[in-house]
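*Asks:* So that you have it, the file is start-v4.pdb, and it contains PDB, N, CA and C atoms:
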ATOM      1  N   GLU A1313     -10.672  -6.730 -16.384
ATOM      2  CA  GLU A1313     -10.163  -7.305 -17.617
ATOM      3  C   GLU A1313      -8.912  -8.149 -17.378
ATOM      4  N   ALA A1314      -8.076  -7.743 -16.468
ATOM      5  CA  ALA A1314      -6.824  -8.455 -16.207
ATOM      6  C   ALA A1314      -7.052  -9.719 -15.377
ATOM      7  N   ARG A1315      -8.290  -9.939 -14.924
ATOM      8  CA  ARG A1315      -8.651 -11.131 -14.142
ATOM      9  C   ARG A1315      -7.895 -11.223 -12.811
ATOM     10  N   LEU A1316      -7.563 -10.078 -12.269
ATOM     11  CA  LEU A1316      -6.908 -10.049 -10.955
ATOM     12  C   LEU A1316      -7.885 -10.503  -9.879
ATOM     13  N   ILE A1317      -9.134 -10.095 -10.032
ATOM     14  CA  ILE A1317     -10.176 -10.509  -9.099
ATOM     15  C   ILE A1317     -11.372 -11.032  -9.889
ATOM     16  N   THR A1318     -12.054 -11.999  -9.307
ATOM     17  CA  THR A1318     -13.247 -12.562  -9.927
ATOM     18  C   THR A1318     -14.384 -12.423  -8.927
ATOM     19  N   PRO A1319     -15.366 -11.585  -9.251
ATOM     20  CA  PRO A1319     -16.451 -11.362  -8.300
ATOM     21  C   PRO A1319     -17.407 -12.556  -8.246
ATOM     22  N   LEU A1320     -18.060 -12.691  -7.109
ATOM     23  CA  LEU A1320     -19.155 -13.641  -7.002
ATOM     24  C   LEU A1320     -20.374 -12.999  -7.648
ATOM     25  N   ARG A1321     -21.376 -13.787  -7.926
ATOM     26  CA  ARG A1321     -22.607 -13.255  -8.525
ATOM     27  C   ARG A1321     -23.782 -13.487  -7.593
ATOM     28  N   SER A1322     -24.636 -12.481  -7.502
ATOM     29  CA  SER A1322     -25.856 -12.624  -6.718
ATOM     30  C   SER A1322     -26.850 -13.438  -7.540
ATOM     31  N   GLU A1323     -27.968 -13.815  -6.923
ATOM     32  CA  GLU A1323     -28.991 -14.561  -7.640
ATOM     33  C   GLU A1323     -29.504 -13.781  -8.839
ATOM     34  N   GLY A1324     -29.501 -12.476  -8.730
ATOM     35  CA  GLY A1324     -29.955 -11.621  -9.822
ATOM     36  C   GLY A1324     -28.885 -11.363 -10.879
ATOM     37  N   GLY A1325     -27.678 -11.911 -10.664
ATOM     38  CA  GLY A1325     -26.607 -11.753 -11.644
ATOM     39  C   GLY A1325     -25.692 -10.565 -11.400
ATOM     40  N   HIS A1326     -25.922  -9.845 -10.314
ATOM     41  CA  HIS A1326     -25.078  -8.687 -10.010
ATOM     42  C   HIS A1326     -23.735  -9.146  -9.450
ATOM     43  N   ARG A1327     -22.690  -8.415  -9.802
ATOM     44  CA  ARG A1327     -21.359  -8.741  -9.283
ATOM     45  C   ARG A1327     -21.282  -8.359  -7.818
ATOM     46  N   ARG A1328     -20.643  -9.239  -7.035
ATOM     47  CA  ARG A1328     -20.472  -9.017  -5.604
ATOM     48  C   ARG A1328     -18.994  -9.125  -5.279
ATOM     49  N   TYR A1329     -18.420  -8.053  -4.696
ATOM     50  CA  TYR A1329     -16.999  -8.017  -4.363
ATOM     51  C   TYR A1329     -16.817  -8.018  -2.855
ATOM     52  N   SER A1330     -15.816  -8.746  -2.381
ATOM     53  CA  SER A1330     -15.491  -8.731  -0.958
ATOM     54  C   SER A1330     -14.666  -7.474  -0.651
ATOM     55  N   ARG A1331     -14.511  -7.187   0.625
ATOM     56  CA  ARG A1331     -13.670  -6.038   1.010
ATOM     57  C   ARG A1331     -12.228  -6.257   0.546
ATOM     58  N   TYR A1332     -11.767  -7.494   0.661
ATOM     59  CA  TYR A1332     -10.416  -7.829   0.198
ATOM     60  C   TYR A1332     -10.280  -7.543  -1.301
ATOM     61  N   GLN A1333     -11.252  -7.957  -2.092
ATOM     62  CA  GLN A1333     -11.206  -7.715  -3.532
ATOM     63  C   GLN A1333     -11.238  -6.220  -3.842
ATOM     64  N   LEU A1334     -11.996  -5.473  -3.076
ATOM     65  CA  LEU A1334     -12.050  -4.021  -3.291
ATOM     66  C   LEU A1334     -10.712  -3.369  -2.964
ATOM     67  N   ARG A1335     -10.026  -3.870  -1.918
ATOM     68  CA  ARG A1335      -8.687  -3.341  -1.600
ATOM     69  C   ARG A1335      -7.713  -3.644  -2.736
ATOM     70  N   ILE A1336      -7.793  -4.838  -3.283
ATOM     71  CA  ILE A1336      -6.921  -5.203  -4.401
ATOM     72  C   ILE A1336      -7.200  -4.302  -5.601
ATOM     73  N   ALA A1337      -8.466  -4.090  -5.900
ATOM     74  CA  ALA A1337      -8.834  -3.236  -7.035
ATOM     75  C   ALA A1337      -8.331  -1.804  -6.832
ATOM     76  N   ALA A1338      -8.451  -1.308  -5.605
ATOM     77  CA  ALA A1338      -7.973   0.051  -5.307
ATOM     78  C   ALA A1338      -6.457   0.134  -5.476
ATOM     79  N   ARG A1339      -5.736  -0.901  -5.024
ATOM     80  CA  ARG A1339      -4.272  -0.926  -5.172
ATOM     81  C   ARG A1339      -3.890  -0.975  -6.646
ATOM     82  N   ALA A1340      -4.613  -1.773  -7.424
ATOM     83  CA  ALA A1340      -4.345  -1.856  -8.861
ATOM     84  C   ALA A1340      -4.571  -0.491  -9.515
ATOM     85  N   ARG A1341      -5.651   0.169  -9.162
ATOM     86  CA  ARG A1341      -5.957   1.488  -9.723
ATOM     87  C   ARG A1341      -4.856   2.483  -9.358
ATOM     88  N   GLU A1342      -4.388   2.414  -8.119
ATOM     89  CA  GLU A1342      -3.321   3.302  -7.655
ATOM     90  C   GLU A1342      -2.058   3.109  -8.506
ATOM     91  N   LEU A1343      -1.670   1.857  -8.719
ATOM     92  CA  LEU A1343      -0.464   1.568  -9.507
ATOM     93  C   LEU A1343      -0.628   2.009 -10.965
ATOM     94  N   VAL A1344      -1.794   1.731 -11.546
ATOM     95  CA  VAL A1344      -2.046   2.118 -12.944
ATOM     96  C   VAL A1344      -2.056   3.645 -13.069
ATOM     97  N   ASP A1345      -2.652   4.322 -12.100
ATOM     98  CA  ASP A1345      -2.667   5.790 -12.117
ATOM     99  C   ASP A1345      -1.253   6.376 -12.034
ATOM    100  N   GLN A1346      -0.327   5.610 -11.437
ATOM    101  CA  GLN A1346       1.065   6.054 -11.340
ATOM    102  C   GLN A1346       1.858   5.718 -12.603
ATOM    103  N   GLY A1347       1.193   5.086 -13.577
ATOM    104  CA  GLY A1347       1.854   4.785 -14.841
ATOM    105  C   GLY A1347       2.324   3.349 -15.005
ATOM    106  N   THR A1348       2.004   2.491 -14.051
ATOM    107  CA  THR A1348       2.399   1.091 -14.141
ATOM    108  C   THR A1348       1.458   0.368 -15.101
ATOM    109  N   PRO A1349       1.983  -0.394 -16.047
ATOM    110  CA  PRO A1349       1.104  -1.171 -16.939
ATOM    111  C   PRO A1349       0.254  -2.148 -16.118
ATOM    112  N   ILE A1350      -0.963  -2.417 -16.562
ATOM    113  CA  ILE A1350      -1.887  -3.247 -15.797
ATOM    114  C   ILE A1350      -1.321  -4.633 -15.508
ATOM    115  N   GLU A1351      -0.620  -5.227 -16.469
ATOM    116  CA  GLU A1351      -0.046  -6.559 -16.255
ATOM    117  C   GLU A1351       0.987  -6.522 -15.124
ATOM    118  N   ALA A1352       1.816  -5.485 -15.123
ATOM    119  CA  ALA A1352       2.828  -5.323 -14.077
ATOM    120  C   ALA A1352       2.155  -5.031 -12.737
ATOM    121  N   ALA A1353       1.102  -4.226 -12.744
ATOM    122  CA  ALA A1353       0.377  -3.909 -11.513
ATOM    123  C   ALA A1353      -0.209  -5.179 -10.905
ATOM    124  N   CYS A1354      -0.760  -6.036 -11.758
ATOM    125  CA  CYS A1354      -1.323  -7.302 -11.266
ATOM    126  C   CYS A1354      -0.225  -8.164 -10.645
ATOM    127  N   ARG A1355       0.913  -8.233 -11.300
ATOM    128  CA  ARG A1355       2.018  -9.044 -10.774
ATOM    129  C   ARG A1355       2.521  -8.477  -9.447
ATOM    130  N   ILE A1356       2.634  -7.171  -9.361
ATOM    131  CA  ILE A1356       3.075  -6.526  -8.118
ATOM    132  C   ILE A1356       2.112  -6.867  -6.984
ATOM    133  N   ILE A1357       0.827  -6.777  -7.258
ATOM    134  CA  ILE A1357      -0.179  -7.043  -6.236
ATOM    135  C   ILE A1357      -0.119  -8.497  -5.782
ATOM    136  N   ILE A1358       0.032  -9.409  -6.728
ATOM    137  CA  ILE A1358       0.144 -10.830  -6.384
ATOM    138  C   ILE A1358       1.369 -11.068  -5.503
ATOM    139  N   LEU A1359       2.495 -10.458  -5.870
ATOM    140  CA  LEU A1359       3.720 -10.635  -5.082
ATOM    141  C   LEU A1359       3.591 -10.005  -3.698
ATOM    142  N   GLU A1360       2.964  -8.836  -3.620
ATOM    143  CA  GLU A1360       2.739  -8.202  -2.317
ATOM    144  C   GLU A1360       1.861  -9.089  -1.435
ATOM    145  N   ASP A1361       0.847  -9.690  -2.042
ATOM    146  CA  ASP A1361      -0.053 -10.563  -1.304
ATOM    147  C   ASP A1361       0.688 -11.807  -0.806
ATOM    148  N   GLN A1362       1.529 -12.385  -1.658
ATOM    149  CA  GLN A1362       2.315 -13.555  -1.264
ATOM    150  C   GLN A1362       3.285 -13.213  -0.139
ATOM    151  N   LEU A1363       3.915 -12.047  -0.225
ATOM    152  CA  LEU A1363       4.835 -11.603   0.821
ATOM    153  C   LEU A1363       4.103 -11.425   2.143
ATOM    154  N   GLU A1364       2.937 -10.804   2.101
ATOM    155  CA  GLU A1364       2.158 -10.593   3.318
ATOM    156  C   GLU A1364       1.775 -11.933   3.952
ATOM    157  N   GLU A1365       1.375 -12.895   3.137
ATOM    158  CA  GLU A1365       1.014 -14.217   3.650
ATOM    159  C   GLU A1365       2.227 -14.913   4.254
ATOM    160  N   ALA A1366       3.380 -14.823   3.594
ATOM    161  CA  ALA A1366       4.601 -15.445   4.106
ATOM    162  C   ALA A1366       5.005 -14.807   5.437
ATOM    163  N   GLN A1367       4.879 -13.495   5.551
ATOM    164  CA  GLN A1367       5.214 -12.811   6.801
ATOM    165  C   GLN A1367       4.261 -13.219   7.918
ATOM    166  N   ARG A1368       2.981 -13.408   7.593
ATOM    167  CA  ARG A1368       1.998 -13.832   8.581
ATOM    168  C   ARG A1368       2.330 -15.241   9.090
ATOM    169  N   ILE A1369       2.654 -16.140   8.174
ATOM    170  CA  ILE A1369       3.012 -17.514   8.550
ATOM    171  C   ILE A1369       4.292 -17.517   9.381
ATOM    172  N   ASN A1370       5.264 -16.715   8.974
ATOM    173  CA  ASN A1370       6.525 -16.616   9.707
ATOM    174  C   ASN A1370       6.277 -16.132  11.135
ATOM    175  N   ALA A1371       5.416 -15.158  11.292
ATOM    176  CA  ALA A1371       5.094 -14.643  12.630
ATOM    177  C   ALA A1371       4.443 -15.731  13.480
ATOM    178  N   GLN A1372       3.579 -16.545  12.861
ATOM    179  CA  GLN A1372       2.950 -17.640  13.593
ATOM    180  C   GLN A1372       3.996 -18.652  14.049
ATOM    181  N   TYR A1373       4.928 -18.995  13.155
ATOM    182  CA  TYR A1373       5.986 -19.929  13.519
ATOM    183  C   TYR A1373       6.843 -19.381  14.654
ATOM    184  N   ARG A1374       7.179 -18.103  14.584
ATOM    185  CA  ARG A1374       7.985 -17.494  15.635
ATOM    186  C   ARG A1374       7.261 -17.500  16.973
ATOM    187  N   ALA A1375       5.964 -17.209  16.948
ATOM    188  CA  ALA A1375       5.176 -17.211  18.182
ATOM    189  C   ALA A1375       5.110 -18.622  18.762
ATOM    190  N   ALA A1376       4.915 -19.613  17.910
ATOM    191  CA  ALA A1376       4.864 -20.999  18.382
ATOM    192  C   ALA A1376       6.218 -21.430  18.934
ATOM    193  N   GLU A1377       7.288 -21.013  18.270
ATOM    194  CA  GLU A1377       8.634 -21.349  18.725
ATOM    195  C   GLU A1377       8.925 -20.696  20.077
ATOM    196  N   ALA A1378       8.518 -19.449  20.231
ATOM    197  CA  ALA A1378       8.735 -18.742  21.495
ATOM    198  C   ALA A1378       7.948 -19.411  22.615
ATOM    199  N   ALA A1379       6.715 -19.818  22.326
ATOM    200  CA  ALA A1379       5.902 -20.490  23.336
ATOM    201  C   ALA A1379       6.528 -21.828  23.719
ATOM    202  N   GLU A1380       7.056 -22.541  22.729
ATOM    203  CA  GLU A1380       7.707 -23.827  22.988
ATOM    204  C   GLU A1380       8.968 -23.640  23.827
ATOM    205  N   SER A1381       9.750 -22.603  23.518
ATOM    206  CA  SER A1381      10.965 -22.319  24.296
ATOM    207  C   SER A1381      10.621 -21.974  25.733
ATOM    208  N   ALA A1382       9.597 -21.172  25.930
ATOM    209  CA  ALA A1382       9.185 -20.780  27.274
ATOM    210  C   ALA A1382       8.705 -22.006  28.043
ATOM    211  N   GLU A1383       7.973 -22.880  27.368
ATOM    212  CA  GLU A1383       7.482 -24.100  27.999
ATOM    213  C   GLU A1383       8.646 -25.009  28.388
ATOM    214  N   SER A1384       9.640 -25.129  27.517
ATOM    215  CA  SER A1384      10.816 -25.953  27.809
ATOM    216  C   SER A1384      11.595 -25.394  28.994
ATOM    217  N   ALA A1385      11.727 -24.077  29.044
ATOM    218  CA  ALA A1385      12.452 -23.436  30.147
ATOM    219  C   ALA A1385      11.726 -23.664  31.461
ATOM    220  N   GLU A1386      10.403 -23.558  31.445
ATOM    221  CA  GLU A1386       9.625 -23.788  32.666
ATOM    222  C   GLU A1386       9.767 -25.237  33.112
ATOM    223  N   SER A1387       9.741 -26.145  32.185
ATOM    224  CA  SER A1387       9.865 -27.561  32.499
ATOM    225  C   SER A1387      11.234 -27.860  33.097
ATOM    226  N   ALA A1388      12.281 -27.307  32.513
ATOM    227  CA  ALA A1388      13.646 -27.514  33.012
ATOM    228  C   ALA A1388      13.798 -26.914  34.403
ATOM    229  N   GLU A1389      13.193 -25.764  34.622
ATOM    230  CA  GLU A1389      13.287 -25.088  35.922
ATOM    231  C   GLU A1389      12.593 -25.914  37.003
ATOM    232  N   SER A1390      11.475 -26.531  36.668
ATOM    233  CA  SER A1390      10.739 -27.307  37.673
ATOM    234  C   SER A1390      11.434 -28.625  37.992
ATOM    235  N   LYS A1391      12.333 -29.099  37.134
ATOM    236  CA  LYS A1391      13.052 -30.349  37.360
ATOM    237  C   LYS A1391      14.355 -30.174  38.136
ATOM    238  N   LYS A1392      14.757 -28.921  38.377
ATOM    239  CA  LYS A1392      15.992 -28.669  39.132
ATOM    240  C   LYS A1392      15.807 -29.097  40.571
ATOM    241  N   PRO A1393      16.821 -29.749  41.135
ATOM    242  CA  PRO A1393      16.712 -30.139  42.551
ATOM    243  C   PRO A1393      16.749 -28.902  43.441
ATOM    244  N   THR A1394      16.020 -28.985  44.515
ATOM    245  CA  THR A1394      16.006 -27.855  45.448
ATOM    246  C   THR A1394      16.998 -28.124  46.575
ATOM    247  N   ALA A1395      17.549 -27.071  47.138
ATOM    248  CA  ALA A1395      18.528 -27.178  48.225
ATOM    249  C   ALA A1395      17.799 -27.527  49.512
ATOM    250  N   PRO A1396      18.383 -28.403  50.329
ATOM    251  CA  PRO A1396      17.724 -28.748  51.603
ATOM    252  C   PRO A1396      17.695 -27.531  52.517
ATOM    253  N   ALA A1397      16.668 -27.448  53.312
ATOM    254  CA  ALA A1397      16.493 -26.303  54.209
ATOM    255  C   ALA A1397      17.272 -26.432  55.471
TER     256      ALA A1397
END
Please re-express this file's structure in structure tokens.

*Replies:*
Amino acid sequence: EARLITPLRSEGGHRRYSRYQLRIAARARELVDQGTPIEAACRIIILEDQLEEAQRINAQYRAAEAAESAESAESAESKKPTAPA
């Protein structure tokens, strides 16, 4: 009813939910069972989802930055002059 998730429909008209949608529904049920109003539960879930996505993107940026730093360090190390033997 709160339109937090919208199922796909099979050819026969049956509702089809993804695993992700089922996790969201379970989280919503958990919050409502704890006394949270459905509108607030939906907002909490949306914000949790946005936070998780932002953390995932941040981790990707950090990994790319670390790889770039390591590559720069290797490049600088290979350009150092070597001492004559």

*Asks:* DSSP on the backbone, alpha helix (DSSP H) only: what residues of chain A does that give? Format it as a PyMOL selection string.

*Replies:* chain A and resi 1331-1345+1350-1391

*Asks:* How far is it from atom N of Ala1340 of chain A to atom C of Thr1318 of chain A, in Å with one decimal?

*Replies:* 14.5 Å

*Asks:* So how many Å separate atom N of Ile1317 of chain A and atom CA of Asn1370 of chain A, to one decimal?

*Replies:*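 Computing it gives 26.0 Å between the two atoms.
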
*Asks:* So, counting only C-alpha atoms, which residue among A:Ile1336, A:Thr1348, A:Glu1377, A:Arg1341 is closest to Glu1360 of chain A?

*Replies:* A:Ile1336

*Asks:* Report, in Å with one decimal, the straight-line distance from atom N of Leu1316 of chain A to atom CA of Cys1354 of chain A.

*Replies:*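 We find that atom N of Leu1316 of chain A and atom CA of Cys1354 of chain A lie 6.9 Å from each other.
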
*Asks:* List every residue of chain A that DSSP, applied to the backbone of this structure, places in strand (DSSP E or B), and write the result as a list in words.

*Replies:* Leu1320, Arg1321, Arg1327 and Arg1328 of chain A

*Asks:* Please identify all polymer residues within 9 Å of Tyr1329 of chain A, counting only C-alpha atoms, omitting same-chain residues fewer than 2 positions from it, and present them as a PyMOL selection string.

*Replies:* chain A and resi 1317-1321+1327+1331-1334

*Asks:* List the neighbours of Leu1343 of chain A out to 12 Å using only C-alpha atoms; skip same-chain residues closer than 5 positions along the sequence, and give me the result as JSON, numbers by chain.

*Replies:* {"A": [1336, 1337, 1338, 1348, 1349, 1350, 1351, 1352, 1353, 1354, 1355, 1356, 1357]}
